[in-house]
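Q: My structure file work_36.cif, mmCIF, C-alpha atoms, is below:
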```cif
data_model
#
loop_
_atom_site.group_PDB
_atom_site.id
_atom_site.type_symbol
_atom_site.label_atom_id
_atom_site.label_comp_id
_atom_site.auth_asym_id
_atom_site.auth_seq_id
_atom_site.Cartn_x
_atom_site.Cartn_y
_atom_site.Cartn_z
ATOM 1 C CA MET A 626 2.647 12.816 -20.437
ATOM 2 C CA SER A 627 -0.224 14.480 -18.645
ATOM 3 C CA LEU A 628 -2.045 12.607 -15.899
ATOM 4 C CA LEU A 629 -5.428 10.989 -16.468
ATOM 5 C CA PRO A 630 -8.529 12.154 -14.546
ATOM 6 C CA PHE A 631 -10.084 8.680 -14.242
ATOM 7 C CA TYR A 632 -9.607 4.977 -14.935
ATOM 8 C CA LYS A 633 -13.225 4.139 -15.693
ATOM 9 C CA GLU A 634 -15.739 6.802 -16.627
ATOM 10 C CA GLY A 635 -18.902 7.368 -14.636
ATOM 11 C CA ILE A 636 -17.935 5.804 -11.299
ATOM 12 C CA VAL A 637 -16.522 7.151 -8.054
ATOM 13 C CA GLU A 638 -12.812 6.306 -7.879
ATOM 14 C CA ALA A 639 -10.402 6.781 -4.994
ATOM 15 C CA GLY A 640 -6.668 6.896 -5.615
ATOM 16 C CA CYS A 641 -4.541 5.279 -2.886
ATOM 17 C CA ASP A 642 -0.826 5.500 -2.193
ATOM 18 C CA GLU A 643 1.520 5.171 0.758
ATOM 19 C CA ALA A 644 4.706 6.808 2.006
ATOM 20 C CA GLY A 645 7.460 5.503 4.238
ATOM 21 C CA ARG A 646 7.641 1.892 3.192
ATOM 22 C CA GLY A 647 11.441 1.813 2.945
ATOM 23 C CA CYS A 648 12.101 3.824 6.116
ATOM 24 C CA LEU A 649 13.978 2.534 9.151
ATOM 25 C CA ALA A 650 11.889 4.540 11.619
ATOM 26 C CA GLY A 651 8.382 5.890 12.035
ATOM 27 C CA PRO A 652 5.005 4.779 10.697
ATOM 28 C CA VAL A 653 3.848 3.983 7.192
ATOM 29 C CA VAL A 654 1.209 6.491 6.056
ATOM 30 C CA ALA A 655 -1.348 6.128 3.282
ATOM 31 C CA ALA A 656 -3.844 8.511 1.732
ATOM 32 C CA ALA A 657 -7.033 7.922 -0.240
ATOM 33 C CA VAL A 658 -8.346 10.719 -2.452
ATOM 34 C CA ILE A 659 -11.508 11.113 -4.545
ATOM 35 C CA LEU A 660 -11.229 13.930 -7.097
ATOM 36 C CA PRO A 661 -13.824 15.398 -9.468
ATOM 37 C CA THR A 662 -13.814 13.495 -12.794
ATOM 38 C CA ASP A 663 -12.907 16.638 -14.742
ATOM 39 C CA TYR A 664 -9.973 17.433 -12.433
ATOM 40 C CA LYS A 665 -6.892 19.058 -13.939
ATOM 41 C CA HIS A 666 -3.749 20.435 -12.332
ATOM 42 C CA GLN A 667 -0.707 22.078 -13.898
ATOM 43 C CA VAL A 668 1.865 20.779 -11.407
ATOM 44 C CA LEU A 669 0.450 17.707 -9.653
ATOM 45 C CA ASN A 670 2.492 14.557 -10.268
ATOM 46 C CA ASP A 671 4.095 11.658 -8.430
ATOM 47 C CA SER A 672 5.207 13.245 -5.123
ATOM 48 C CA LYS A 673 8.795 12.044 -5.666
ATOM 49 C CA LYS A 674 9.009 14.237 -8.775
ATOM 50 C CA LEU A 675 7.942 17.375 -6.910
ATOM 51 C CA SER A 676 10.029 19.647 -4.733
ATOM 52 C CA LEU A 677 9.282 20.041 -1.030
ATOM 53 C CA LYS A 678 7.825 23.489 -1.720
ATOM 54 C CA GLN A 679 5.626 22.186 -4.568
ATOM 55 C CA ARG A 680 4.282 19.361 -2.395
ATOM 56 C CA ASN A 681 3.488 21.724 0.452
ATOM 57 C CA ASP A 682 1.833 24.235 -1.894
ATOM 58 C CA ILE A 683 -0.265 21.557 -3.617
ATOM 59 C CA LYS A 684 -1.433 19.637 -0.536
ATOM 60 C CA ASP A 685 -3.909 22.324 0.545
ATOM 61 C CA GLU A 686 -5.240 22.665 -3.006
ATOM 62 C CA ILE A 687 -5.819 18.902 -3.137
ATOM 63 C CA LYS A 688 -7.668 18.979 0.174
ATOM 64 C CA SER A 689 -9.965 21.796 -0.920
ATOM 65 C CA ASP A 690 -10.540 20.433 -4.464
ATOM 66 C CA ALA A 691 -11.130 16.807 -3.441
ATOM 67 C CA ILE A 692 -14.618 15.367 -3.074
ATOM 68 C CA ALA A 693 -13.140 13.395 -0.162
ATOM 69 C CA TRP A 694 -9.703 12.595 1.234
ATOM 70 C CA ALA A 695 -8.379 10.713 4.249
ATOM 71 C CA ILE A 696 -5.146 9.538 5.868
ATOM 72 C CA GLY A 697 -4.372 6.127 7.357
ATOM 73 C CA VAL A 698 -1.413 5.483 9.685
ATOM 74 C CA VAL A 699 0.172 2.193 10.762
ATOM 75 C CA SER A 700 2.731 2.497 13.566
ATOM 76 C CA HIS A 701 6.275 1.113 13.588
ATOM 77 C CA THR A 702 5.239 -1.446 16.241
ATOM 78 C CA GLU A 703 2.418 -2.717 14.023
ATOM 79 C CA ILE A 704 4.872 -2.876 11.090
ATOM 80 C CA ASP A 705 7.133 -5.096 13.207
ATOM 81 C CA GLU A 706 4.182 -7.359 14.013
ATOM 82 C CA ILE A 707 2.614 -7.794 10.562
ATOM 83 C CA ASN A 708 5.496 -6.832 8.155
ATOM 84 C CA ILE A 709 5.783 -3.764 5.955
ATOM 85 C CA LEU A 710 3.806 -5.079 2.984
ATOM 86 C CA ASN A 711 0.759 -5.914 5.120
ATOM 87 C CA ALA A 712 1.214 -2.626 6.994
ATOM 88 C CA SER A 713 1.092 -0.705 3.689
ATOM 89 C CA PHE A 714 -2.174 -2.434 2.764
ATOM 90 C CA LEU A 715 -3.585 -1.796 6.247
ATOM 91 C CA ALA A 716 -2.682 1.914 6.045
ATOM 92 C CA MET A 717 -4.575 2.167 2.740
ATOM 93 C CA HIS A 718 -7.560 0.303 4.221
ATOM 94 C CA ARG A 719 -7.574 2.713 7.174
ATOM 95 C CA ALA A 720 -7.537 5.680 4.805
ATOM 96 C CA VAL A 721 -10.446 4.260 2.760
ATOM 97 C CA ASP A 722 -12.348 3.522 6.016
ATOM 98 C CA GLN A 723 -12.399 7.245 6.737
ATOM 99 C CA LEU A 724 -13.523 8.589 3.363
ATOM 100 C CA ARG A 725 -16.759 10.542 3.689
ATOM 101 C CA THR A 726 -17.828 9.417 0.200
ATOM 102 C CA ARG A 727 -17.766 5.706 -0.539
ATOM 103 C CA PRO A 728 -15.741 4.902 -3.669
ATOM 104 C CA GLU A 729 -16.873 2.314 -6.224
ATOM 105 C CA LEU A 730 -13.318 1.543 -7.358
ATOM 106 C CA LEU A 731 -9.917 1.856 -5.690
ATOM 107 C CA LEU A 732 -6.894 2.765 -7.800
ATOM 108 C CA ILE A 733 -3.850 1.400 -6.007
ATOM 109 C CA ASP A 734 -0.305 2.504 -6.738
ATOM 110 C CA GLY A 735 1.856 -0.607 -7.197
ATOM 111 C CA ASN A 736 1.302 -4.201 -8.229
ATOM 112 C CA ARG A 737 -0.215 -5.773 -5.098
ATOM 113 C CA PHE A 738 -3.067 -5.074 -2.747
ATOM 114 C CA LYS A 739 -5.192 -6.903 -0.206
ATOM 115 C CA GLN A 740 -8.855 -6.736 -1.235
ATOM 116 C CA TYR A 741 -10.834 -4.078 0.616
ATOM 117 C CA PRO A 742 -14.263 -5.408 1.676
ATOM 118 C CA ASP A 743 -16.898 -4.916 -1.055
ATOM 119 C CA ILE A 744 -14.919 -2.418 -3.182
ATOM 120 C CA PRO A 745 -13.115 -3.631 -6.314
ATOM 121 C CA HIS A 746 -9.604 -2.346 -7.027
ATOM 122 C CA GLU A 747 -7.084 -1.970 -9.817
ATOM 123 C CA THR A 748 -3.355 -2.074 -9.096
ATOM 124 C CA ILE A 749 -1.381 0.266 -11.337
ATOM 125 C CA ILE A 750 2.409 0.176 -11.494
ATOM 126 C CA LYS A 751 3.770 3.750 -11.274
ATOM 127 C CA GLY A 752 0.150 4.838 -10.927
ATOM 128 C CA ASP A 753 1.228 8.012 -9.099
ATOM 129 C CA GLY A 754 2.647 9.211 -12.426
ATOM 130 C CA LYS A 755 -0.459 8.199 -14.418
ATOM 131 C CA TYR A 756 -3.631 9.176 -12.527
ATOM 132 C CA TYR A 757 -4.449 12.414 -10.727
ATOM 133 C CA ALA A 758 -6.152 10.661 -7.802
ATOM 134 C CA ILE A 759 -3.137 8.447 -7.070
ATOM 135 C CA ALA A 760 -0.722 11.372 -7.481
ATOM 136 C CA ALA A 761 -2.863 13.396 -5.060
ATOM 137 C CA ALA A 762 -2.798 10.500 -2.567
ATOM 138 C CA SER A 763 0.993 10.268 -2.900
ATOM 139 C CA VAL A 764 1.353 13.994 -2.093
ATOM 140 C CA LEU A 765 -0.978 13.849 0.937
ATOM 141 C CA ALA A 766 0.667 10.698 2.324
ATOM 142 C CA LYS A 767 4.184 12.068 1.873
ATOM 143 C CA THR A 768 3.525 15.537 3.317
ATOM 144 C CA TYR A 769 1.623 14.124 6.299
ATOM 145 C CA ARG A 770 4.376 11.621 7.057
ATOM 146 C CA ASP A 771 7.175 14.182 6.605
ATOM 147 C CA GLU A 772 5.426 16.397 9.143
ATOM 148 C CA LEU A 773 5.186 13.517 11.636
ATOM 149 C CA MET A 774 8.889 12.809 11.218
ATOM 150 C CA ARG A 775 9.740 16.494 11.709
ATOM 151 C CA ASP A 776 7.836 16.351 15.021
ATOM 152 C CA LEU A 777 9.749 13.209 16.067
ATOM 153 C CA HIS A 778 12.976 14.988 15.098
ATOM 154 C CA GLN A 779 12.379 17.441 17.963
ATOM 155 C CA GLU A 780 12.547 14.503 20.334
ATOM 156 C CA PHE A 781 15.515 12.746 18.658
ATOM 157 C CA PRO A 782 17.491 15.410 16.771
ATOM 158 C CA GLU A 783 20.595 13.226 16.244
ATOM 159 C CA TYR A 784 18.997 11.156 13.477
ATOM 160 C CA GLY A 785 18.238 13.932 10.965
ATOM 161 C CA TRP A 786 14.598 12.923 10.494
ATOM 162 C CA GLN A 787 13.615 16.479 9.574
ATOM 163 C CA SER A 788 15.492 15.944 6.284
ATOM 164 C CA ASN A 789 15.738 12.156 5.775
ATOM 165 C CA ALA A 790 12.216 11.361 7.116
ATOM 166 C CA GLY A 791 13.557 8.091 8.521
ATOM 167 C CA TYR A 792 14.936 6.745 5.234
ATOM 168 C CA PRO A 793 18.261 4.830 5.381
ATOM 169 C CA THR A 794 20.646 7.666 4.517
ATOM 170 C CA LYS A 795 24.332 7.468 5.417
ATOM 171 C CA ALA A 796 23.853 10.034 8.192
ATOM 172 C CA HIS A 797 20.851 8.184 9.618
ATOM 173 C CA ARG A 798 22.771 4.900 9.702
ATOM 174 C CA GLN A 799 25.776 6.612 11.289
ATOM 175 C CA ALA A 800 23.505 8.047 13.993
ATOM 176 C CA ILE A 801 22.219 4.531 14.727
ATOM 177 C CA ARG A 802 25.847 3.402 15.135
ATOM 178 C CA ASP A 803 26.683 6.376 17.351
ATOM 179 C CA PHE A 804 23.532 6.672 19.457
ATOM 180 C CA GLY A 805 21.778 3.304 19.132
ATOM 181 C CA VAL A 806 18.126 2.881 18.231
ATOM 182 C CA THR A 807 15.149 4.941 19.367
ATOM 183 C CA PRO A 808 11.705 3.665 20.396
ATOM 184 C CA HIS A 809 10.562 4.737 16.883
ATOM 185 C CA HIS A 810 12.886 2.471 14.920
ATOM 186 C CA ARG A 811 11.430 -0.585 13.184
ATOM 187 C CA LYS A 812 12.954 -3.560 14.958
ATOM 188 C CA SER A 813 12.115 -5.967 12.134
ATOM 189 C CA PHE A 814 14.178 -3.948 9.627
ATOM 190 C CA ARG A 815 17.855 -4.375 8.889
ATOM 191 C CA LEU A 816 18.871 -1.046 10.394
ATOM 192 C CA LEU A 817 22.578 -1.383 9.607
ATOM 193 C CA PRO A 818 24.275 -3.363 6.838
ATOM 194 C CA GLU A 819 26.303 -5.199 9.472
ATOM 195 C CA GLN A 820 23.284 -5.367 11.838
ATOM 196 C CA LEU A 821 25.060 -5.140 15.150
ATOM 197 C CA GLU A 822 23.356 -6.448 18.230
ATOM 198 C CA LEU A 823 21.199 -3.354 18.523
ATOM 199 C CA PHE A 824 18.474 -4.381 20.901
#
```
As structure tokens, please, write out the structure in this file.

A:
Amino acid sequence: MSLLPFYKEGIVEAGCDEAGRGCLAGPVVAAAVILPTDYKHQVLNDSKKLSLKQRNDIKDEIKSDAIAWAIGVVSHTEIDEINILNASFLAMHRAVDQLRTRPELLLIDGNRFKQYPDIPHETIIKGDGKYYAIAAASVLAKTYRDELMRDLHQEFPEYGWQSNAGYPTKAHRQAIRDFGVTPHHRKSFRLLPEQLELF
């Protein structure tokens, strides 16, 4: 199925998506993207369905083709304070805050969202596989966050963040057992199945 260029014709729509919700370390990152209404792309899809190379190739195209795009970041400490669901909404709000063009409708990937002031929204389950703007947001959020985690990997190479991006892989969990937690780990998350006294 090919992706759709808009939800409602004739209005300015921004697609929003986040990356890093299920991670044990690092921030949650969201992107908001406004694309031209006649936008088409041969490869663009839900970022999880694209290879690393495809995502990196497409991200610059999205940035140059978009009418506007922006990134919002919520740190691991904020996640611990307000919980990951609220942090995901906040990251999207921060991305929308920075858009140079004001959207008239927000297309949100998923089934829940906290109302953004004065802009209506539609929540769309698996929206990153249905609408170009949400797919574009998923690619920008994921590539931006992966880059952040690669930078943090330089500081803490034992945890494999350059490849697992902070997700709970076996190797990441083993590193937590072996080396303990870093300042970038989310303290409110269950970092290990047995949740040792980590802190």

Q: Evaluate the PyMOL selection byres ((chain A and resi 807) around 12) against this structure - the residues, as an MDAnalysis selection string, please.

A: chainID A and resid 649:651 701 777:778 780:784 786 791 797 800:806 808:812 816 823:824

Q: Report the residues retrieved by the PyMOL selection byres ((chain A and resi 741) around 12) from the displayed file, expressed as a count of residues only.

A: 25

Q: Can you tell me which residues surround region 756-773 of chain A at a distance of at most 7 Å, considering all atoms listed in the file, apart from same-chain residues fewer than 4 positions away, and format the answer as a ChimeraX atom specification?

A: /A:628-631,639-644,654-660,669-672,680-681,684,687,696,732,734,752,777,790

Q: CA of Ala695 (chain A) and CA of Gly645 (chain A) are how many Å apart?

A: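 CA of Gly645 (chain A) lies at a distance of 16.7 Å from CA of Ala695 (chain A).
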
Q: Nearest residue to Asn711 (chain A) out of A:Val653, A:Ile683, A:Ile749, A:Leu675, using all atoms listed in the file?

A: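 Nearest to Asn711 (chain A): A:Val653.
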
Q: Any idea what the distance is between CA of Tyr632 (chain A) and CA of Thr748 (chain A)?

A: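 Going from CA of Tyr632 (chain A) over to CA of Thr748 (chain A) covers 11.1 Å.
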
Q: Can you measure CA of His666 (chain A) to CA of Ser627 (chain A) for me? One decimal in Å is fine.

A: 9.4 Å

Q: Between A:Arg737, A:Arg815, A:Lys795, A:Lys665, which is the closest to Ala691 (chain A) once you count only C-alpha atoms?

A: A:Lys665

Q: Box time for region 753-761 of chain A: axis-aligned, enclosing all its listed atoms, 4 Å extra on each side; report centre and edge lengths in Å to one decimal, as AutoDock Vina command-line options.

A:
```
--center_x -1.8 --center_y 10.7 --center_z -9.7 --size_x 16.8 --size_y 13.4 --size_z 17.4
```

Q: Missing atoms in region 774-793 of chain A need filling: write out N, CA, C and O atoms for it as a compact mmCIF listing (two decimals), in the frame of the given file.

A:
```
# COMPACT_ATOMS: atom_id res chain seq x y z
N MET A 774 7.47 13.06 10.97
CA MET A 774 8.89 12.81 11.22
C MET A 774 9.61 14.08 11.68
O MET A 774 10.54 14.00 12.48
N ARG A 775 9.15 15.23 11.21
CA ARG A 775 9.74 16.49 11.71
C ARG A 775 9.42 16.67 13.19
O ARG A 775 10.25 17.14 13.97
N ASP A 776 8.20 16.28 13.60
CA ASP A 776 7.84 16.35 15.02
C ASP A 776 8.71 15.40 15.85
O ASP A 776 9.18 15.76 16.93
N LEU A 777 8.91 14.18 15.34
CA LEU A 777 9.75 13.21 16.07
C LEU A 777 11.20 13.68 16.14
O LEU A 777 11.92 13.35 17.08
N HIS A 778 11.62 14.43 15.12
CA HIS A 778 12.98 14.99 15.10
C HIS A 778 13.23 15.87 16.32
O HIS A 778 14.34 15.89 16.85
N GLN A 779 12.21 16.58 16.78
CA GLN A 779 12.38 17.44 17.96
C GLN A 779 12.80 16.60 19.17
O GLN A 779 13.60 17.04 20.00
N GLU A 780 12.28 15.40 19.22
CA GLU A 780 12.55 14.50 20.33
C GLU A 780 13.91 13.80 20.19
O GLU A 780 14.60 13.55 21.17
N PHE A 781 14.27 13.48 18.94
CA PHE A 781 15.52 12.75 18.66
C PHE A 781 16.29 13.44 17.54
O PHE A 781 16.35 12.95 16.42
N PRO A 782 16.89 14.61 17.85
CA PRO A 782 17.49 15.41 16.77
C PRO A 782 18.73 14.79 16.12
O PRO A 782 19.12 15.18 15.03
N GLU A 783 19.33 13.78 16.76
CA GLU A 783 20.60 13.23 16.24
C GLU A 783 20.42 12.49 14.91
O GLU A 783 21.38 12.27 14.18
N TYR A 784 19.19 12.08 14.60
CA TYR A 784 19.00 11.16 13.48
C TYR A 784 18.65 11.85 12.16
O TYR A 784 18.52 11.19 11.13
N GLY A 785 18.47 13.17 12.20
CA GLY A 785 18.24 13.93 10.96
C GLY A 785 16.90 13.67 10.29
O GLY A 785 16.75 13.81 9.08
N TRP A 786 15.89 13.28 11.09
CA TRP A 786 14.60 12.92 10.49
C TRP A 786 13.89 14.10 9.83
O TRP A 786 13.03 13.90 8.99
N GLN A 787 14.27 15.33 10.21
CA GLN A 787 13.62 16.48 9.57
C GLN A 787 13.98 16.53 8.09
O GLN A 787 13.23 17.07 7.29
N SER A 788 15.13 15.94 7.71
CA SER A 788 15.49 15.94 6.28
C SER A 788 15.43 14.55 5.65
O SER A 788 15.04 14.41 4.50
N ASN A 789 15.76 13.49 6.41
CA ASN A 789 15.74 12.16 5.78
C ASN A 789 14.42 11.40 6.00
O ASN A 789 14.20 10.34 5.41
N ALA A 790 13.55 11.94 6.85
CA ALA A 790 12.22 11.36 7.12
C ALA A 790 12.27 9.89 7.55
O ALA A 790 11.30 9.17 7.43
N GLY A 791 13.44 9.47 8.05
CA GLY A 791 13.56 8.09 8.52
C GLY A 791 14.10 7.12 7.49
O GLY A 791 14.27 5.93 7.77
N TYR A 792 14.37 7.61 6.27
CA TYR A 792 14.94 6.74 5.23
C TYR A 792 16.39 6.40 5.58
O TYR A 792 17.05 7.12 6.33
N PRO A 793 16.91 5.29 5.01
CA PRO A 793 18.26 4.83 5.38
C PRO A 793 19.38 5.61 4.70
O PRO A 793 20.10 5.08 3.86
```
